[in-house]
Each structure stands twice: as C-alpha cells, then as structure tokens.
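Participant: Sharing a structure here in structure tokens format.
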Amino acid sequence: MEGKTVIITGGSSGIGKACAIRFAAEGANVVIASRSREKLDATVNDLKKYSERVITVVADVSKFSDCEKIINETLTCFGSIDILINNAGISMRGMFAETNLEVITQVMNTNFWGAVYCTKLAMPHLLKSKGSLVGISSIAGRKGLPGRSAYSASKFAMEGFLETLRIENMKTGLHVLIARPGFTSSGIRNAALGPDGTPQIESPLNEQHLMSANLVANHIFKAVQYRKRGLILTVQGKLIVWLNKFFPSFVDRMIYQHMAKEPGSPFKP
C-alpha cells in the first residue's frame with residue numbers, strides 16, 4: 001500500500017475511521033470525507049501518529065457537488081486514486097408503514113446514491129490505476145431486516161450496482177470488493193433515524209459484544225490487498241447467509257424473533 005491513494009467516505013468514525021488508520025499505518029495516502037469538520041479534525045490527530053500524508057474533505061456524499069469536491073481535492077493533493085472505499089452510511093429503525101418517505105429518501109441518497117456519485121467520478125482514475133472499488137455493505141444487503149426497510153434496500157441496491165460493475169470490468173483490471181460486516185460496534189445505530197427522521201441516540205444493542213470496527217478494518221485491508229471479491233463477517237452473519245440459501249422461511253422467523261427482542265423494538269415476539 002506504500003504510496004497508494006485511498007479515499008474513504010464516512011471516514012471520521014466507526015469502520016471508516018478504523019480503515020483510515022489501517023491504511024495510513026501501511027503507508028497509503030489517505031483521504032477521509034465526512035460531514036463533520038469537528039470529527040474529521042479529531043480523526044486526523046489520530047492518523048498523524050501513523051502518517052502525515054492525510055487530507056480531509058468536509059462533504060455530504062448525498063450531494064453530487066460534494067462528491068466532486070472529494071475527487072478533485074484528492075487529485076490536487078496526490079495526483080491519483082488507487083482505492084475508493086464507499087463507507088458513508090446511515091441507518092434507520094421503524095416499521096415501513098409508520099416511516100416517513102423522507103427518511104427512506106435520506107437513507108437511499110446517502111447509502112446508495114453517495115456510492116454511485118463517488119464511483120462515477122472516481123472510475124476513470126481507478127481504471128487507470130487498475131485499482132480497487134470497495135463497497136461497505138452489510139448482512140442486511142443479503143437478507144432484509146425487519147424494522148430496517150430503507151437500510152436493507154440501500155444495501156441491496158449497492159450490491160447490485162457493484163456486482164454489475166465487477167462483471168462489466170472483468171477485462172479492465174478493476175478490482176471490486178463487497179464487504180458485508182455483521183453487527184459491528186461502529187456508532188451507526190446511535191445515529192439511526194426513527195420513523196419521523198429523529199436520530200434514536202441510544203443503540204438497542206450491547207455494543208461491547210459486537211465485532212470491533214478495528215477488526216472489520218483489518219479484514220477489509222487484507223481483502224483489498226489480496227483483491228478478494230467479497231467478505232462476510234461475523235459467525236452470525238455467515239450463518240444467516242448460508243441458512244438463507246436453503247431454509248429462507250426458517251431464517252425469516254429466526255430474524256423476526258431476534259429483532260423483536262431488541263429494547264424498544266417496533267414489533268413484538
């Protein structure tokens with residue numbers, strides 16, 4: 001990774017921040033983008049322990065013009081793009097029947113369209129470098145999660161988009177990785193939107209019992225290094241994906257019961 005340039009959206013917290021630290025420690029030029037200047041500044045302080053070749057961009061990936069800013073500032077500073085990690089994302093929690101359409105639009109604009117915008121703008125440079133295009137999806141991108149309709153839809157959409165690009169670029173040298181973490185201690189649930197669009201603040205899960213963002217970042221780094229096509233993380237995530245191939249109705253019931261036991265769950269066991 002020495003001297004390669006990596007862009008990480010949503011790079012100021014959670015999996016994005018952990019990836020930034022991992023790539024910086026391996027000698028990469030790192031560009032992190034986030035909506036929060038305060039969080040970006042705090043992350044840079046951590047990254048500078050590993051590398052001085054780090055820049056930040058305040059950007060909202062749901063806006064095409066902000067995605068242009070990310071790409072342009074990267075090229076101005078480093079001159080090339082070798083890896084794009086589409087990590088920026090928001091979640092939601094609520095029954096579809098009770099959820100405002102604005103919430104679904106907001107989730108799709110960030111999780112799906114943000115990845116599309118950044119990928120479209122970075123693609124010529126990734127093709128030139130025969131680099132890596134990475135999408136941070138989720139087990140929810142392989143199996144719909146009740147109470148997370150918009151989140152699952154956005155991850156399913158991302159996966160279809162990236163799988164298509166992988167096939168289109170079979171002979172161009174572009175590497176496409178879809179990473180599917182299971183439940184990870186990343187802070188995404190704290191900022192998850194409720195049915196009316198208000199952040200729920202408190203995570204319904206015991207974050208200390210979840211896979212750490214650092215461990216996820218290590219898996220992603222190695223998958224980029226060895227140009228793997230996919231990752232499914234956590235034992236629980238792998239089990240769900242495997243069982244769903246053969247016993248989808250059973251998995252539906254299993255997931256329903258599991259999610260219904262969450263504190264404040266919008267549906268009952």
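Residue numbers start at 1 in each chain; chains themselves are named A, B, ... in the order of the structure tokens; ligands are numbered from 1 in the order shown.
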Env of Ile71 in chain A: 9 Å cut, atoms = only C-alpha atoms, seq-sep filter 2 positions within chain, self excluded. Answer as an MDAnalysis selection string.

Facilitator: chainID A and resid 7 66:69 73:76 81 118 121:122

Participant: Would you list the contacts of range 90-95 of chain A as a ChimeraX atom specification, taking every protein, DNA or RNA residue within 8 Å and counting only C-alpha atoms, but skipping same-chain residues closer than 5 positions in sequence?

Facilitator: /A:103,107,110-111,146-151,188-189,191-195,266-267

Participant: For Ala223 in chain A, which residue among A:Lys261, A:Arg253, A:His175, A:Arg35 is the nearest when counting only C-alpha atoms?

Facilitator: A:His175

Participant: Applying 12 Å and only C-alpha atoms, which residues near Thr164 in chain A remain after dropping the ones on its own chain fewer than 5 positions away? List them as a PyMOL selection string.

Facilitator: chain A and resi 157-159+169-170+176-178

Participant: Provide the CA of Asp60 in chain A to CA of Val116 in chain A distance in Å, to one decimal place.

Facilitator: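 For CA of Asp60 in chain A relative to CA of Val116 in chain A, the distance reads 13.2 Å.
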
Participant: Name the residues of range 54-131 of chain A that come out as helix (DSSP H, G or I) in a backbone DSSP run; write them as a PDB file with N, CA and C atoms, in the first residue's frame.

Facilitator:
ATOM      1  N   PHE A  64     -24.011  15.553  -5.205  1.00  0.00           N
ATOM      2  CA  PHE A  64     -23.041  15.279  -6.265  1.00  0.00           C
ATOM      3  C   PHE A  64     -21.889  16.277  -6.242  1.00  0.00           C
ATOM      4  N   SER A  65     -22.191  17.539  -5.976  1.00  0.00           N
ATOM      5  CA  SER A  65     -21.147  18.567  -5.961  1.00  0.00           C
ATOM      6  C   SER A  65     -20.125  18.306  -4.856  1.00  0.00           C
ATOM      7  N   ASP A  66     -20.573  17.774  -3.721  1.00  0.00           N
ATOM      8  CA  ASP A  66     -19.643  17.447  -2.637  1.00  0.00           C
ATOM      9  C   ASP A  66     -18.760  16.262  -3.017  1.00  0.00           C
ATOM     10  N   CYS A  67     -19.327  15.314  -3.744  1.00  0.00           N
ATOM     11  CA  CYS A  67     -18.526  14.179  -4.213  1.00  0.00           C
ATOM     12  C   CYS A  67     -17.466  14.651  -5.212  1.00  0.00           C
ATOM     13  N   GLU A  68     -17.837  15.618  -6.048  1.00  0.00           N
ATOM     14  CA  GLU A  68     -16.849  16.212  -6.958  1.00  0.00           C
ATOM     15  C   GLU A  68     -15.705  16.837  -6.170  1.00  0.00           C
ATOM     16  N   LYS A  69     -16.032  17.481  -5.068  1.00  0.00           N
ATOM     17  CA  LYS A  69     -15.010  18.112  -4.236  1.00  0.00           C
ATOM     18  C   LYS A  69     -14.048  17.065  -3.673  1.00  0.00           C
ATOM     19  N   ILE A  70     -14.572  15.928  -3.243  1.00  0.00           N
ATOM     20  CA  ILE A  70     -13.715  14.864  -2.714  1.00  0.00           C
ATOM     21  C   ILE A  70     -12.701  14.416  -3.760  1.00  0.00           C
ATOM     22  N   ILE A  71     -13.190  14.153  -4.964  1.00  0.00           N
ATOM     23  CA  ILE A  71     -12.318  13.645  -6.026  1.00  0.00           C
ATOM     24  C   ILE A  71     -11.307  14.707  -6.443  1.00  0.00           C
ATOM     25  N   ASN A  72     -11.770  15.923  -6.616  1.00  0.00           N
ATOM     26  CA  ASN A  72     -10.882  16.994  -7.078  1.00  0.00           C
ATOM     27  C   ASN A  72      -9.779  17.289  -6.066  1.00  0.00           C
ATOM     28  N   GLU A  73     -10.128  17.336  -4.785  1.00  0.00           N
ATOM     29  CA  GLU A  73      -9.112  17.630  -3.776  1.00  0.00           C
ATOM     30  C   GLU A  73      -8.111  16.480  -3.644  1.00  0.00           C
ATOM     31  N   THR A  74      -8.593  15.252  -3.848  1.00  0.00           N
ATOM     32  CA  THR A  74      -7.687  14.101  -3.837  1.00  0.00           C
ATOM     33  C   THR A  74      -6.667  14.208  -4.965  1.00  0.00           C
ATOM     34  N   LEU A  75      -7.148  14.504  -6.168  1.00  0.00           N
ATOM     35  CA  LEU A  75      -6.256  14.594  -7.321  1.00  0.00           C
ATOM     36  C   LEU A  75      -5.299  15.773  -7.201  1.00  0.00           C
ATOM     37  N   THR A  76      -5.781  16.882  -6.654  1.00  0.00           N
ATOM     38  CA  THR A  76      -4.917  18.045  -6.474  1.00  0.00           C
ATOM     39  C   THR A  76      -3.766  17.739  -5.532  1.00  0.00           C
ATOM     40  N   CYS A  77      -4.051  16.991  -4.488  1.00  0.00           N
ATOM     41  CA  CYS A  77      -3.034  16.711  -3.472  1.00  0.00           C
ATOM     42  C   CYS A  77      -2.134  15.533  -3.836  1.00  0.00           C
ATOM     43  N   PHE A  78      -2.731  14.454  -4.339  1.00  0.00           N
ATOM     44  CA  PHE A  78      -1.971  13.222  -4.540  1.00  0.00           C
ATOM     45  C   PHE A  78      -1.829  12.798  -5.999  1.00  0.00           C
ATOM     46  N   PHE A  96     -42.094   0.072   8.231  1.00  0.00           N
ATOM     47  CA  PHE A  96     -42.263   0.798   6.974  1.00  0.00           C
ATOM     48  C   PHE A  96     -43.578   1.576   6.943  1.00  0.00           C
ATOM     49  N   ALA A  97     -44.653   0.965   7.442  1.00  0.00           N
ATOM     50  CA  ALA A  97     -45.970   1.613   7.402  1.00  0.00           C
ATOM     51  C   ALA A  97     -46.006   2.908   8.196  1.00  0.00           C
ATOM     52  N   GLU A  98     -45.089   3.045   9.156  1.00  0.00           N
ATOM     53  CA  GLU A  98     -45.082   4.226  10.025  1.00  0.00           C
ATOM     54  C   GLU A  98     -43.939   5.190   9.703  1.00  0.00           C
ATOM     55  N   LEU A 101     -41.605   8.965   4.203  1.00  0.00           N
ATOM     56  CA  LEU A 101     -40.866   8.714   2.971  1.00  0.00           C
ATOM     57  C   LEU A 101     -39.570   9.507   2.924  1.00  0.00           C
ATOM     58  N   GLU A 102     -39.545  10.655   3.612  1.00  0.00           N
ATOM     59  CA  GLU A 102     -38.326  11.469   3.627  1.00  0.00           C
ATOM     60  C   GLU A 102     -37.168  10.705   4.275  1.00  0.00           C
ATOM     61  N   VAL A 103     -37.480   9.851   5.257  1.00  0.00           N
ATOM     62  CA  VAL A 103     -36.443   9.052   5.907  1.00  0.00           C
ATOM     63  C   VAL A 103     -35.847   8.061   4.906  1.00  0.00           C
ATOM     64  N   ILE A 104     -36.707   7.406   4.154  1.00  0.00           N
ATOM     65  CA  ILE A 104     -36.246   6.434   3.163  1.00  0.00           C
ATOM     66  C   ILE A 104     -35.411   7.130   2.091  1.00  0.00           C
ATOM     67  N   THR A 105     -35.860   8.297   1.654  1.00  0.00           N
ATOM     68  CA  THR A 105     -35.102   9.063   0.657  1.00  0.00           C
ATOM     69  C   THR A 105     -33.728   9.438   1.185  1.00  0.00           C
ATOM     70  N   GLN A 106     -33.668   9.876   2.432  1.00  0.00           N
ATOM     71  CA  GLN A 106     -32.389  10.287   3.020  1.00  0.00           C
ATOM     72  C   GLN A 106     -31.416   9.117   3.103  1.00  0.00           C
ATOM     73  N   VAL A 107     -31.908   7.961   3.525  1.00  0.00           N
ATOM     74  CA  VAL A 107     -31.056   6.778   3.628  1.00  0.00           C
ATOM     75  C   VAL A 107     -30.553   6.355   2.248  1.00  0.00           C
ATOM     76  N   MET A 108     -31.441   6.325   1.269  1.00  0.00           N
ATOM     77  CA  MET A 108     -31.040   5.934  -0.086  1.00  0.00           C
ATOM     78  C   MET A 108     -30.066   6.935  -0.687  1.00  0.00           C
ATOM     79  N   ASN A 109     -30.282   8.202  -0.452  1.00  0.00           N
ATOM     80  CA  ASN A 109     -29.404   9.227  -1.025  1.00  0.00           C
ATOM     81  C   ASN A 109     -27.972   9.101  -0.497  1.00  0.00           C
ATOM     82  N   THR A 110     -27.840   8.774   0.768  1.00  0.00           N
ATOM     83  CA  THR A 110     -26.502   8.634   1.348  1.00  0.00           C
ATOM     84  C   THR A 110     -25.886   7.279   1.016  1.00  0.00           C
ATOM     85  N   ASN A 111     -26.592   6.211   1.314  1.00  0.00           N
ATOM     86  CA  ASN A 111     -26.017   4.869   1.210  1.00  0.00           C
ATOM     87  C   ASN A 111     -25.850   4.398  -0.223  1.00  0.00           C
ATOM     88  N   PHE A 112     -26.838   4.665  -1.070  1.00  0.00           N
ATOM     89  CA  PHE A 112     -26.762   4.201  -2.457  1.00  0.00           C
ATOM     90  C   PHE A 112     -26.247   5.275  -3.401  1.00  0.00           C
ATOM     91  N   TRP A 113     -26.924   6.400  -3.460  1.00  0.00           N
ATOM     92  CA  TRP A 113     -26.524   7.431  -4.418  1.00  0.00           C
ATOM     93  C   TRP A 113     -25.161   8.005  -4.093  1.00  0.00           C
ATOM     94  N   GLY A 114     -24.812   8.080  -2.806  1.00  0.00           N
ATOM     95  CA  GLY A 114     -23.470   8.539  -2.450  1.00  0.00           C
ATOM     96  C   GLY A 114     -22.404   7.639  -3.041  1.00  0.00           C
ATOM     97  N   ALA A 115     -22.642   6.321  -2.995  1.00  0.00           N
ATOM     98  CA  ALA A 115     -21.693   5.371  -3.587  1.00  0.00           C
ATOM     99  C   ALA A 115     -21.664   5.512  -5.108  1.00  0.00           C
ATOM    100  N   VAL A 116     -22.829   5.712  -5.706  1.00  0.00           N
ATOM    101  CA  VAL A 116     -22.891   5.875  -7.165  1.00  0.00           C
ATOM    102  C   VAL A 116     -22.142   7.134  -7.600  1.00  0.00           C
ATOM    103  N   TYR A 117     -22.401   8.245  -6.929  1.00  0.00           N
ATOM    104  CA  TYR A 117     -21.751   9.508  -7.287  1.00  0.00           C
ATOM    105  C   TYR A 117     -20.227   9.396  -7.201  1.00  0.00           C
ATOM    106  N   CYS A 118     -19.743   8.935  -6.051  1.00  0.00           N
ATOM    107  CA  CYS A 118     -18.291   8.861  -5.856  1.00  0.00           C
ATOM    108  C   CYS A 118     -17.651   7.880  -6.838  1.00  0.00           C
ATOM    109  N   THR A 119     -18.320   6.771  -7.081  1.00  0.00           N
ATOM    110  CA  THR A 119     -17.786   5.778  -8.010  1.00  0.00           C
ATOM    111  C   THR A 119     -17.727   6.329  -9.426  1.00  0.00           C
ATOM    112  N   LYS A 120     -18.788   7.004  -9.852  1.00  0.00           N
ATOM    113  CA  LYS A 120     -18.818   7.572 -11.199  1.00  0.00           C
ATOM    114  C   LYS A 120     -17.660   8.540 -11.405  1.00  0.00           C
ATOM    115  N   LEU A 121     -17.404   9.378 -10.418  1.00  0.00           N
ATOM    116  CA  LEU A 121     -16.364  10.390 -10.536  1.00  0.00           C
ATOM    117  C   LEU A 121     -14.960   9.793 -10.413  1.00  0.00           C
ATOM    118  N   ALA A 122     -14.819   8.753  -9.616  1.00  0.00           N
ATOM    119  CA  ALA A 122     -13.501   8.141  -9.422  1.00  0.00           C
ATOM    120  C   ALA A 122     -13.164   7.103 -10.484  1.00  0.00           C
ATOM    121  N   MET A 123     -14.162   6.607 -11.198  1.00  0.00           N
ATOM    122  CA  MET A 123     -13.967   5.476 -12.100  1.00  0.00           C
ATOM    123  C   MET A 123     -12.845   5.664 -13.118  1.00  0.00           C
ATOM    124  N   PRO A 124     -12.751   6.798 -13.818  1.00  0.00           N
ATOM    125  CA  PRO A 124     -11.652   6.927 -14.796  1.00  0.00           C
ATOM    126  C   PRO A 124     -10.277   6.759 -14.151  1.00  0.00           C
ATOM    127  N   HIS A 125     -10.136   7.227 -12.945  1.00  0.00           N
ATOM    128  CA  HIS A 125      -8.850   7.170 -12.248  1.00  0.00           C
ATOM    129  C   HIS A 125      -8.581   5.772 -11.700  1.00  0.00           C
ATOM    130  N   LEU A 126      -9.626   5.084 -11.240  1.00  0.00           N
ATOM    131  CA  LEU A 126      -9.479   3.708 -10.783  1.00  0.00           C
ATOM    132  C   LEU A 126      -9.141   2.775 -11.944  1.00  0.00           C
ATOM    133  N   LEU A 127      -9.729   3.034 -13.104  1.00  0.00           N
ATOM    134  CA  LEU A 127      -9.412   2.226 -14.280  1.00  0.00           C
ATOM    135  C   LEU A 127      -7.961   2.443 -14.709  1.00  0.00           C
ATOM    136  N   LYS A 128      -7.515   3.677 -14.613  1.00  0.00           N
ATOM    137  CA  LYS A 128      -6.131   4.000 -14.984  1.00  0.00           C
ATOM    138  C   LYS A 128      -5.134   3.297 -14.066  1.00  0.00           C
ATOM    139  N   SER A 129      -5.450   3.263 -12.784  1.00  0.00           N
ATOM    140  CA  SER A 129      -4.536   2.645 -11.817  1.00  0.00           C
ATOM    141  C   SER A 129      -4.788   1.155 -11.629  1.00  0.00           C
TER     142      SER A 129
END

Participant: Give me every strand (DSSP E) residue in range 96-162 of chain A, going by DSSP on the backbone, as a PyMOL selection string.

Facilitator: chain A and resi 132-136

Participant: Print the selection's residues with C-alpha atoms to a file, as a PDB file, in the first residue's frame.

Facilitator:
ATOM      1  CA  SER A 132      -9.882  -1.248  -6.060  1.00  0.00           C
ATOM      2  CA  LEU A 133     -13.516  -0.200  -5.718  1.00  0.00           C
ATOM      3  CA  VAL A 134     -14.943  -1.150  -2.316  1.00  0.00           C
ATOM      4  CA  GLY A 135     -18.493  -1.007  -1.034  1.00  0.00           C
ATOM      5  CA  ILE A 136     -19.201  -1.417   2.676  1.00  0.00           C
TER       6      ILE A 136
END

Participant: In Å, how far is it from CA of His219 in chain A to CA of Arg142 in chain A?

Facilitator: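 Rounded to one decimal, the two atoms are 18.7 Å apart.
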
Participant: Compare A:Ser12, A:Asn87, A:Ser265, A:Asn244 by their minimum atom-to-atom distance to Ile55 in chain A, counting only C-alpha atoms, and give me the closest one.

Facilitator: A:Ser12

Participant: When you count only C-alpha atoms, which of these residues is closest to Arg22 in chain A: A:Lys245, A:Lys228, A:Lys49, A:Arg166?

Facilitator: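 Ranking A:Lys245, A:Lys228, A:Lys49, A:Arg166 by distance to Arg22 in chain A, first place goes to A:Lys49.
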
Participant: Taking only C-alpha atoms into account, name the residue in A:Ala88, A:Met1, A:Val216, A:Ile21 that is nearest to Ser154 in chain A.

Facilitator: A:Ala88
